[in-house]
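Below you'll find the structure, written out as structure tokens, and then a few comments.
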Amino acid sequence: MNIKSLVEPKVNREIPELSPGDTVNVSLKVKEGDRERLQQLQGLVIGVRKGVDGGSFTVRRVSYNVGVERVFPFQSPLIQKVEVLRHGKVRRAKLYYLRKLSVKQSRLKERQSKVSISEQVVPAQAEAAAMPATSSQEQQE
Amino acid sequence: MIKGILGRKIGMTQVFLEGGEAVQVTAIEAGPCFVIQVKSKGSDGYDAVQLGFLEAKKLNAPLAGRFKEMGKLRFLREFEIDEVSSVNRGDRVDVSFLKPGDLVTVSGVSKGRGFAGVVKRHHFAGGPKTHGQSDRHRAPGSIGATTYPGRVIKGMKMAGHMGNRKVTVRNLRVVEVDPERNLLLVKGGVPGASSGLLTIKRSGEGSA
């Protein structure tokens, strides 16, 4: 019996197709007391995980010389919006090596796709084709 | 009213509640079960129903005779109930007796670990890794004193067979019920491997 077909993950529709190396801006609903506001996190997608729970993606940013990483489940209803600002050119699925590099060293070249990417609107199919296969073993590095 | 059902573990996943809270859940294929036999105080000394679950591929003749005109079922388990008069042989039982928020007690057969040492079986610390130790890394240490009492105390934790026995987890919260697809989601883990047989009993009523 396949759990994925039985308990379909309710993936948040506000999240576009993401690939490692993308620079994104995540808008997250945060509750403070009885008031709700949006929290922004702009950073680099250093990994995308797939799984029966819909998977998750990790966003890394260095702020005030402190590295900050946050994992967002694709199912999370708290994510209001994810904007892809830039596609970085990367050669691996998990960019954990960037943790050891300085901010200056960890800059990525812009990806030159064969399909012309207009600024914000990305055809979903080109995005999927360009995304390297992620395997669960690589996560253990 | 029957307050138990047989099910099969499918696996674990994660669902999100409205407020954004993530809940780790086990998916269970619960039922449909069929009443094979009704036991009553008068004839058997206690009130219970025998439920059957999943189609059987092959049965020996004595077992097949229990079903007769009904479909052949693979697993049979008994559930005690209070009121036996409203239940008949052949009745169908599905998960609709549960609702989100209820508490259930789930039993299953845990994964077998074979003959396991004390470190795995009883969480002993083992011996030191360094300082000239040889063959003592996962040893149990002393198992008793000397001439007095001159024997090993009964119940001493030692190596032996681990797992593959009945394990019960009490009061798991029901997260979702779908009688149409025979699907039950409970919060937390349940014993055994995926596709293992589970017995599910309602142990408490709750609000969603």
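The way I read the labels, and the way they are meant: chains A, B, ... in the order of the structure tokens, residue 1 as the first residue of every chain, and ligand 1 as the first ligand shown, with later ones counted on from there.
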
Please identify all residues of chain A having at least one atom at most 12 Å from any atom of chain B, considering only C-alpha atoms, and return them as a PDB file with C-alpha atoms, in the first residue's frame.
```pdb
ATOM      1  CA  MET A   1       0.000   0.000   0.000  1.00  0.00           C
ATOM      2  CA  ASN A   2       1.409   3.313  -1.076  1.00  0.00           C
ATOM      3  CA  ILE A   3       1.122   6.033   1.537  1.00  0.00           C
ATOM      4  CA  LYS A   4       1.666   8.837  -0.937  1.00  0.00           C
ATOM      5  CA  SER A   5      -1.381   7.914  -2.999  1.00  0.00           C
ATOM      6  CA  LEU A   6      -3.504   7.528   0.113  1.00  0.00           C
ATOM      7  CA  VAL A   7      -2.479  10.565   2.106  1.00  0.00           C
ATOM      8  CA  GLU A   8      -1.893  13.121  -0.606  1.00  0.00           C
ATOM      9  CA  PRO A   9       0.328  15.959   0.672  1.00  0.00           C
ATOM     10  CA  LYS A  10      -1.500  19.280   0.575  1.00  0.00           C
ATOM     11  CA  VAL A  11       1.244  21.287  -1.047  1.00  0.00           C
ATOM     12  CA  ASN A  12       0.974  25.038  -0.571  1.00  0.00           C
ATOM     13  CA  LEU A  28       5.841  33.859   6.279  1.00  0.00           C
ATOM     14  CA  LYS A  29       2.739  34.523   8.368  1.00  0.00           C
ATOM     15  CA  VAL A  30       3.792  35.066  11.967  1.00  0.00           C
ATOM     16  CA  LYS A  31       1.377  35.332  14.880  1.00  0.00           C
ATOM     17  CA  GLU A  36      -0.670  38.582  12.385  1.00  0.00           C
ATOM     18  CA  GLY A  51       9.196  12.895   0.288  1.00  0.00           C
ATOM     19  CA  VAL A  52       5.807  11.505   1.225  1.00  0.00           C
ATOM     20  CA  ASP A  53       5.130  14.619   3.297  1.00  0.00           C
ATOM     21  CA  GLY A  54       5.500  16.850   0.239  1.00  0.00           C
ATOM     22  CA  GLY A  55       9.148  17.626   0.962  1.00  0.00           C
ATOM     23  CA  SER A  56      10.825  20.765   2.189  1.00  0.00           C
ATOM     24  CA  PHE A  72      10.223  25.269   5.108  1.00  0.00           C
ATOM     25  CA  PRO A  73       7.887  22.326   4.426  1.00  0.00           C
ATOM     26  CA  PHE A  74       6.150  22.570   1.057  1.00  0.00           C
ATOM     27  CA  GLN A  75       2.935  21.681   2.916  1.00  0.00           C
ATOM     28  CA  SER A  76       3.173  24.609   5.310  1.00  0.00           C
ATOM     29  CA  PRO A  77       0.043  26.784   5.205  1.00  0.00           C
ATOM     30  CA  LEU A  78       1.960  29.598   6.897  1.00  0.00           C
ATOM     31  CA  ILE A  79       3.882  30.508   3.779  1.00  0.00           C
ATOM     32  CA  GLN A  80       2.150  33.429   2.116  1.00  0.00           C
TER      33      GLN A  80
END
```

(request) Please provide the set of residues having any atom within 12 Å of region 162-172 of chain B, restricted to only C-alpha atoms, with same-chain residues fewer than 5 positions apart removed, written as a PyMOL selection string. (result) chain B and resi 24-26+100-122+157+184-193+196-206

(request) Give the strand (DSSP E) residues of region 22-63 of chain A, as DSSP finds them on the backbone, and put them as a ChimeraX atom specification. (result) /A:22-32,35-49,56-63

Write out the residues from the selection above, keeping N, CA, C and O atoms, as a short mmCIF file (atom, residue, chain, number, x, y, z; two decimals), in the first residue's frame.
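Generated output (selection_9.cif):
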```cif
data_model
loop_
_atom_site.label_atom_id
_atom_site.label_comp_id
_atom_site.auth_asym_id
_atom_site.auth_seq_id
_atom_site.Cartn_x
_atom_site.Cartn_y
_atom_site.Cartn_z
N ASP A 22 18.69 28.82 -6.21
CA ASP A 22 17.77 29.94 -6.39
C ASP A 22 17.90 30.91 -5.22
O ASP A 22 18.06 30.50 -4.08
N THR A 23 17.81 32.19 -5.54
CA THR A 23 17.69 33.18 -4.48
C THR A 23 16.21 33.51 -4.35
O THR A 23 15.55 33.84 -5.34
N VAL A 24 15.69 33.36 -3.13
CA VAL A 24 14.25 33.52 -2.95
C VAL A 24 13.95 34.49 -1.81
O VAL A 24 14.79 34.77 -0.97
N ASN A 25 12.74 34.99 -1.86
CA ASN A 25 12.23 35.79 -0.75
C ASN A 25 10.96 35.11 -0.25
O ASN A 25 9.97 35.00 -0.97
N VAL A 26 11.02 34.61 0.99
CA VAL A 26 9.89 33.87 1.56
C VAL A 26 9.11 34.79 2.49
O VAL A 26 9.68 35.42 3.37
N SER A 27 7.80 34.89 2.25
CA SER A 27 6.94 35.66 3.14
C SER A 27 6.17 34.70 4.02
O SER A 27 5.43 33.86 3.53
N LEU A 28 6.40 34.81 5.32
CA LEU A 28 5.84 33.86 6.28
C LEU A 28 4.87 34.57 7.21
O LEU A 28 5.17 35.64 7.73
N LYS A 29 3.70 33.96 7.41
CA LYS A 29 2.74 34.52 8.37
C LYS A 29 3.22 34.22 9.78
O LYS A 29 3.48 33.07 10.12
N VAL A 30 3.35 35.25 10.58
CA VAL A 30 3.79 35.07 11.97
C VAL A 30 2.73 35.64 12.89
O VAL A 30 2.25 36.75 12.68
N LYS A 31 2.37 34.85 13.91
CA LYS A 31 1.38 35.33 14.88
C LYS A 31 2.09 35.95 16.07
O LYS A 31 2.95 35.34 16.69
N GLU A 32 1.76 37.18 16.38
CA GLU A 32 2.31 37.82 17.58
C GLU A 32 1.14 38.24 18.43
O GLU A 32 0.44 39.19 18.11
N ARG A 35 -2.25 39.32 16.78
CA ARG A 35 -2.03 40.10 15.58
C ARG A 35 -1.19 39.24 14.63
O ARG A 35 -0.33 38.47 15.06
N GLU A 36 -1.44 39.35 13.34
CA GLU A 36 -0.67 38.58 12.38
C GLU A 36 0.11 39.52 11.49
O GLU A 36 -0.40 40.54 11.04
N ARG A 37 1.38 39.18 11.25
CA ARG A 37 2.17 40.00 10.33
C ARG A 37 2.96 39.08 9.43
O ARG A 37 3.00 37.87 9.60
N LEU A 38 3.61 39.67 8.42
CA LEU A 38 4.41 38.89 7.49
C LEU A 38 5.88 39.05 7.82
O LEU A 38 6.36 40.16 8.04
N GLN A 39 6.57 37.91 7.88
CA GLN A 39 8.01 37.96 8.12
C GLN A 39 8.70 37.57 6.82
O GLN A 39 8.30 36.64 6.15
N GLN A 40 9.73 38.32 6.45
CA GLN A 40 10.42 38.06 5.20
C GLN A 40 11.74 37.37 5.47
O GLN A 40 12.42 37.70 6.43
N LEU A 41 12.08 36.40 4.65
CA LEU A 41 13.42 35.83 4.69
C LEU A 41 13.94 35.73 3.28
O LEU A 41 13.38 35.02 2.45
N GLN A 42 14.97 36.50 3.00
CA GLN A 42 15.57 36.44 1.67
C GLN A 42 16.89 35.69 1.77
O GLN A 42 17.71 35.98 2.63
N GLY A 43 17.05 34.68 0.93
CA GLY A 43 18.28 33.90 0.99
C GLY A 43 18.38 32.92 -0.15
O GLY A 43 17.61 32.97 -1.12
N LEU A 44 19.33 32.01 0.00
CA LEU A 44 19.65 31.07 -1.06
C LEU A 44 19.05 29.71 -0.73
O LEU A 44 19.15 29.24 0.40
N VAL A 45 18.43 29.07 -1.70
CA VAL A 45 17.93 27.71 -1.51
C VAL A 45 19.13 26.78 -1.60
O VAL A 45 19.73 26.64 -2.66
N ILE A 46 19.51 26.15 -0.48
CA ILE A 46 20.69 25.28 -0.52
C ILE A 46 20.31 23.82 -0.60
O ILE A 46 21.16 22.95 -0.65
N GLY A 47 19.02 23.52 -0.60
CA GLY A 47 18.62 22.13 -0.75
C GLY A 47 17.12 22.01 -0.87
O GLY A 47 16.38 22.80 -0.28
N VAL A 48 16.69 21.06 -1.68
CA VAL A 48 15.26 20.76 -1.81
C VAL A 48 15.10 19.27 -1.53
O VAL A 48 15.80 18.45 -2.11
N ARG A 49 14.22 18.93 -0.59
CA ARG A 49 14.01 17.55 -0.22
C ARG A 49 12.64 17.12 -0.72
O ARG A 49 11.67 17.87 -0.65
N SER A 56 10.53 19.49 1.56
CA SER A 56 10.82 20.76 2.19
C SER A 56 11.99 21.40 1.46
O SER A 56 12.68 20.76 0.68
N PHE A 57 12.20 22.69 1.70
CA PHE A 57 13.38 23.35 1.14
C PHE A 57 14.07 24.17 2.22
O PHE A 57 13.44 24.62 3.17
N THR A 58 15.39 24.31 2.08
CA THR A 58 16.19 25.01 3.08
C THR A 58 16.69 26.32 2.51
O THR A 58 17.25 26.35 1.42
N VAL A 59 16.45 27.40 3.24
CA VAL A 59 16.90 28.71 2.80
C VAL A 59 18.00 29.19 3.74
O VAL A 59 17.85 29.12 4.96
N ARG A 60 19.13 29.62 3.15
CA ARG A 60 20.26 30.08 3.96
C ARG A 60 20.53 31.55 3.68
O ARG A 60 20.45 32.00 2.54
N ARG A 61 20.86 32.26 4.72
CA ARG A 61 21.21 33.65 4.55
C ARG A 61 22.21 33.99 5.65
O ARG A 61 22.17 33.45 6.76
N VAL A 62 23.16 34.87 5.32
CA VAL A 62 24.10 35.32 6.33
C VAL A 62 23.71 36.72 6.72
O VAL A 62 23.73 37.63 5.90
N SER A 63 23.28 36.90 7.98
CA SER A 63 22.89 38.24 8.38
C SER A 63 23.70 38.64 9.61
O SER A 63 23.82 37.86 10.56
#
```

(message) Give me, as a list of chain:residue names, the residues of region 87-165 of chain B that a backbone DSSP run labels helix (DSSP H, G or I).
(response)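 After running DSSP on the backbone, region 87-165 of chain B has helix (DSSP H, G or I) at B:Val95, B:Ser96, B:Phe97, B:Val118, B:Val119, B:Lys120, B:Arg121, B:His122.
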
Pull all heavy atoms from the residues just selected and write them as a PDB file, in the first residue's frame.
```
ATOM      1  N   VAL B  95     -14.414   2.324   9.921  1.00  0.00           N
ATOM      2  CA  VAL B  95     -13.824   3.273  10.882  1.00  0.00           C
ATOM      3  C   VAL B  95     -14.772   4.368  11.312  1.00  0.00           C
ATOM      4  O   VAL B  95     -14.395   5.220  12.096  1.00  0.00           O
ATOM      5  CB  VAL B  95     -12.573   3.984  10.326  1.00  0.00           C
ATOM      6  CG1 VAL B  95     -11.342   3.183  10.624  1.00  0.00           C
ATOM      7  CG2 VAL B  95     -12.704   4.337   8.888  1.00  0.00           C
ATOM      8  N   SER B  96     -16.001   4.362  10.803  1.00  0.00           N
ATOM      9  CA  SER B  96     -16.883   5.495  11.082  1.00  0.00           C
ATOM     10  C   SER B  96     -17.262   5.611  12.557  1.00  0.00           C
ATOM     11  O   SER B  96     -17.861   6.595  12.955  1.00  0.00           O
ATOM     12  CB  SER B  96     -18.143   5.410  10.214  1.00  0.00           C
ATOM     13  OG  SER B  96     -18.741   4.154  10.387  1.00  0.00           O
ATOM     14  N   PHE B  97     -16.901   4.605  13.382  1.00  0.00           N
ATOM     15  CA  PHE B  97     -17.185   4.738  14.812  1.00  0.00           C
ATOM     16  C   PHE B  97     -16.191   5.668  15.499  1.00  0.00           C
ATOM     17  O   PHE B  97     -16.350   6.020  16.657  1.00  0.00           O
ATOM     18  CB  PHE B  97     -17.196   3.368  15.507  1.00  0.00           C
ATOM     19  CG  PHE B  97     -15.848   2.723  15.655  1.00  0.00           C
ATOM     20  CD1 PHE B  97     -15.118   2.885  16.820  1.00  0.00           C
ATOM     21  CD2 PHE B  97     -15.300   1.970  14.614  1.00  0.00           C
ATOM     22  CE1 PHE B  97     -13.874   2.297  16.975  1.00  0.00           C
ATOM     23  CE2 PHE B  97     -14.058   1.387  14.762  1.00  0.00           C
ATOM     24  CZ  PHE B  97     -13.343   1.544  15.941  1.00  0.00           C
ATOM     25  N   VAL B 118      22.913  -6.598  25.252  1.00  0.00           N
ATOM     26  CA  VAL B 118      22.312  -5.737  26.272  1.00  0.00           C
ATOM     27  C   VAL B 118      22.336  -4.257  25.902  1.00  0.00           C
ATOM     28  O   VAL B 118      21.517  -3.489  26.382  1.00  0.00           O
ATOM     29  CB  VAL B 118      23.002  -5.928  27.642  1.00  0.00           C
ATOM     30  CG1 VAL B 118      22.679  -7.286  28.211  1.00  0.00           C
ATOM     31  CG2 VAL B 118      24.507  -5.724  27.528  1.00  0.00           C
ATOM     32  N   VAL B 119      23.295  -3.853  25.059  1.00  0.00           N
ATOM     33  CA  VAL B 119      23.374  -2.439  24.693  1.00  0.00           C
ATOM     34  C   VAL B 119      22.129  -2.059  23.890  1.00  0.00           C
ATOM     35  O   VAL B 119      21.458  -1.058  24.153  1.00  0.00           O
ATOM     36  CB  VAL B 119      24.658  -2.143  23.903  1.00  0.00           C
ATOM     37  CG1 VAL B 119      24.643  -0.722  23.367  1.00  0.00           C
ATOM     38  CG2 VAL B 119      25.875  -2.355  24.787  1.00  0.00           C
ATOM     39  N   LYS B 120      21.762  -2.909  22.917  1.00  0.00           N
ATOM     40  CA  LYS B 120      20.580  -2.632  22.116  1.00  0.00           C
ATOM     41  C   LYS B 120      19.292  -2.945  22.892  1.00  0.00           C
ATOM     42  O   LYS B 120      18.340  -2.193  22.877  1.00  0.00           O
ATOM     43  CB  LYS B 120      20.633  -3.460  20.827  1.00  0.00           C
ATOM     44  CG  LYS B 120      19.451  -3.181  19.890  1.00  0.00           C
ATOM     45  CD  LYS B 120      19.438  -4.122  18.703  1.00  0.00           C
ATOM     46  CE  LYS B 120      20.414  -3.701  17.646  1.00  0.00           C
ATOM     47  NZ  LYS B 120      19.770  -3.371  16.380  1.00  0.00           N
ATOM     48  N   ARG B 121      19.318  -4.058  23.640  1.00  0.00           N
ATOM     49  CA  ARG B 121      18.072  -4.550  24.224  1.00  0.00           C
ATOM     50  C   ARG B 121      17.666  -3.798  25.482  1.00  0.00           C
ATOM     51  O   ARG B 121      16.493  -3.555  25.727  1.00  0.00           O
ATOM     52  CB  ARG B 121      18.226  -6.042  24.563  1.00  0.00           C
ATOM     53  CG  ARG B 121      16.938  -6.745  24.880  1.00  0.00           C
ATOM     54  CD  ARG B 121      17.201  -8.230  25.066  1.00  0.00           C
ATOM     55  NE  ARG B 121      15.967  -8.958  25.287  1.00  0.00           N
ATOM     56  CZ  ARG B 121      15.868  -9.959  26.159  1.00  0.00           C
ATOM     57  NH1 ARG B 121      16.911 -10.322  26.870  1.00  0.00           N
ATOM     58  NH2 ARG B 121      14.733 -10.585  26.310  1.00  0.00           N
ATOM     59  N   HIS B 122      18.637  -3.430  26.310  1.00  0.00           N
ATOM     60  CA  HIS B 122      18.301  -2.773  27.575  1.00  0.00           C
ATOM     61  C   HIS B 122      18.969  -1.418  27.730  1.00  0.00           C
ATOM     62  O   HIS B 122      19.017  -0.870  28.834  1.00  0.00           O
ATOM     63  CB  HIS B 122      18.689  -3.668  28.757  1.00  0.00           C
ATOM     64  CG  HIS B 122      18.003  -4.991  28.749  1.00  0.00           C
ATOM     65  ND1 HIS B 122      16.647  -5.116  28.866  1.00  0.00           N
ATOM     66  CD2 HIS B 122      18.496  -6.245  28.615  1.00  0.00           C
ATOM     67  CE1 HIS B 122      16.320  -6.402  28.825  1.00  0.00           C
ATOM     68  NE2 HIS B 122      17.425  -7.105  28.663  1.00  0.00           N
TER      69      HIS B 122
END
```

(message) Could you tell me how far CA of Leu51 (chain B) sits from CA of Cys33 (chain B), in Å to one decimal place?
(response) 5.9 Å

Residue neighbourhood region 34-39 of chain B, 10 Å, only C-alpha atoms, exclusion window fewer than 6 positions, as an mmCIF file with N, CA and C atoms, in the first residue's frame:
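See out_20.cif below for the written result:
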```
data_model
loop_
_atom_site.group_PDB
_atom_site.id
_atom_site.type_symbol
_atom_site.label_atom_id
_atom_site.label_comp_id
_atom_site.auth_asym_id
_atom_site.auth_seq_id
_atom_site.Cartn_x
_atom_site.Cartn_y
_atom_site.Cartn_z
ATOM 1 N N ILE B 5 -11.500 -2.263 15.813
ATOM 2 C CA ILE B 5 -11.395 -2.623 14.406
ATOM 3 C C ILE B 5 -9.985 -3.139 14.149
ATOM 4 N N LEU B 6 -9.867 -3.928 13.093
ATOM 5 C CA LEU B 6 -8.537 -4.389 12.686
ATOM 6 C C LEU B 6 -8.027 -3.494 11.570
ATOM 7 N N GLY B 45 -19.872 -17.449 28.029
ATOM 8 C CA GLY B 45 -19.400 -16.930 29.296
ATOM 9 C C GLY B 45 -19.008 -15.465 29.245
ATOM 10 N N TYR B 46 -18.911 -14.885 28.061
ATOM 11 C CA TYR B 46 -18.583 -13.459 27.954
ATOM 12 C C TYR B 46 -19.118 -12.934 26.632
ATOM 13 N N ASP B 47 -19.270 -11.601 26.564
ATOM 14 C CA ASP B 47 -19.777 -10.973 25.349
ATOM 15 C C ASP B 47 -18.627 -10.488 24.481
ATOM 16 N N ALA B 48 -18.599 -10.932 23.239
ATOM 17 C CA ALA B 48 -17.527 -10.502 22.347
ATOM 18 C C ALA B 48 -17.947 -10.720 20.903
ATOM 19 N N VAL B 49 -17.259 -10.048 20.014
ATOM 20 C CA VAL B 49 -17.447 -10.329 18.589
ATOM 21 C C VAL B 49 -16.101 -10.732 18.009
ATOM 22 N N GLN B 50 -16.158 -11.610 17.021
ATOM 23 C CA GLN B 50 -14.942 -11.971 16.314
ATOM 24 C C GLN B 50 -14.978 -11.277 14.966
ATOM 25 N N LEU B 51 -13.942 -10.479 14.710
ATOM 26 C CA LEU B 51 -13.893 -9.728 13.456
ATOM 27 C C LEU B 51 -12.867 -10.345 12.520
ATOM 28 N N GLY B 52 -13.178 -10.319 11.221
ATOM 29 C CA GLY B 52 -12.239 -10.777 10.196
ATOM 30 C C GLY B 52 -11.836 -9.613 9.320
ATOM 31 N N PHE B 53 -10.598 -9.669 8.828
ATOM 32 C CA PHE B 53 -10.052 -8.543 8.077
ATOM 33 C C PHE B 53 -9.184 -9.063 6.946
ATOM 34 N N LEU B 54 -9.272 -8.458 5.805
ATOM 35 C CA LEU B 54 -8.497 -8.744 4.595
ATOM 36 C C LEU B 54 -8.830 -10.113 3.998
ATOM 37 N N ARG B 66 -15.408 -21.991 8.734
ATOM 38 C CA ARG B 66 -15.950 -20.953 9.608
ATOM 39 C C ARG B 66 -16.671 -19.881 8.820
ATOM 40 N N PHE B 67 -16.259 -19.704 7.567
ATOM 41 C CA PHE B 67 -16.819 -18.609 6.776
ATOM 42 C C PHE B 67 -18.032 -19.048 5.966
ATOM 43 N N MET B 70 -19.807 -16.749 3.463
ATOM 44 C CA MET B 70 -19.176 -15.431 3.483
ATOM 45 C C MET B 70 -17.820 -15.498 2.792
ATOM 46 N N GLY B 71 -17.274 -14.318 2.472
ATOM 47 C CA GLY B 71 -15.949 -14.285 1.864
ATOM 48 C C GLY B 71 -14.906 -14.767 2.855
ATOM 49 N N LEU B 73 -11.597 -14.683 4.951
ATOM 50 C CA LEU B 73 -10.803 -13.589 5.497
ATOM 51 C C LEU B 73 -9.525 -14.109 6.131
ATOM 52 N N LEU B 76 -8.329 -13.087 11.988
ATOM 53 C CA LEU B 76 -9.470 -13.094 12.889
ATOM 54 C C LEU B 76 -9.013 -12.640 14.274
ATOM 55 N N ARG B 77 -9.742 -11.707 14.856
ATOM 56 C CA ARG B 77 -9.421 -11.262 16.211
ATOM 57 C C ARG B 77 -10.726 -11.001 16.960
ATOM 58 N N GLU B 78 -10.665 -11.182 18.284
ATOM 59 C CA GLU B 78 -11.855 -11.007 19.093
ATOM 60 C C GLU B 78 -11.837 -9.663 19.814
ATOM 61 N N PHE B 79 -12.982 -9.033 19.891
ATOM 62 C CA PHE B 79 -13.119 -7.785 20.639
ATOM 63 C C PHE B 79 -14.240 -7.942 21.639
ATOM 64 N N GLU B 80 -13.953 -7.579 22.900
ATOM 65 C CA GLU B 80 -15.019 -7.618 23.894
ATOM 66 C C GLU B 80 -15.943 -6.430 23.703
ATOM 67 N N ILE B 81 -17.237 -6.656 23.817
ATOM 68 C CA ILE B 81 -18.182 -5.550 23.746
ATOM 69 C C ILE B 81 -19.207 -5.685 24.855
ATOM 70 N N VAL B 84 -24.368 -7.188 23.060
ATOM 71 C CA VAL B 84 -24.136 -8.111 21.964
ATOM 72 C C VAL B 84 -25.382 -8.293 21.086
ATOM 73 N N SER B 85 -26.529 -7.859 21.602
ATOM 74 C CA SER B 85 -27.775 -8.222 20.941
ATOM 75 C C SER B 85 -27.967 -7.544 19.591
ATOM 76 N N VAL B 87 -25.716 -6.989 17.336
ATOM 77 C CA VAL B 87 -24.705 -7.380 16.360
ATOM 78 C C VAL B 87 -25.039 -8.750 15.783
ATOM 79 N N ASN B 88 -24.915 -8.872 14.475
ATOM 80 C CA ASN B 88 -25.175 -10.142 13.820
ATOM 81 C C ASN B 88 -23.970 -10.591 13.016
ATOM 82 N N ARG B 89 -23.909 -11.890 12.825
ATOM 83 C CA ARG B 89 -22.855 -12.440 11.973
ATOM 84 C C ARG B 89 -22.989 -11.863 10.569
ATOM 85 N N GLY B 90 -21.855 -11.460 9.983
ATOM 86 C CA GLY B 90 -21.882 -10.892 8.642
ATOM 87 C C GLY B 90 -21.913 -9.380 8.622
ATOM 88 N N ASP B 91 -22.129 -8.750 9.787
ATOM 89 C CA ASP B 91 -22.153 -7.282 9.840
ATOM 90 C C ASP B 91 -20.820 -6.699 9.394
ATOM 91 N N ARG B 92 -20.909 -5.555 8.743
ATOM 92 C CA ARG B 92 -19.712 -4.857 8.283
ATOM 93 C C ARG B 92 -19.333 -3.789 9.307
ATOM 94 N N VAL B 93 -18.052 -3.710 9.618
ATOM 95 C CA VAL B 93 -17.570 -2.703 10.569
ATOM 96 C C VAL B 93 -16.539 -1.841 9.858
ATOM 97 N N ASP B 94 -16.736 -0.524 9.881
ATOM 98 C CA ASP B 94 -15.703 0.358 9.316
ATOM 99 C C ASP B 94 -15.302 1.419 10.339
#
```

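Between CA of Ile15 (chain A) and CA of Val82 (chain A) lies a distance of 5.4 Å.
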
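Note that the spacing between CA of Leu98 (chain A) and CA of Arg86 (chain A) amounts to 17.0 Å.
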
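Each of A:Glu14, A:Lys100, A:His87, A:Leu95 was compared to Gln112 (chain A) using only C-alpha atoms, and A:His87 turns out to be the nearest.
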
(request) Go through B:Pro32, B:Lys68, B:Gly155, B:Gly160 and flag the residue nearest Gly4 (chain B), using only C-alpha atoms for the distances. (result)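 When distances to Gly4 (chain B) are compared using only C-alpha atoms, the smallest one comes from B:Pro32.
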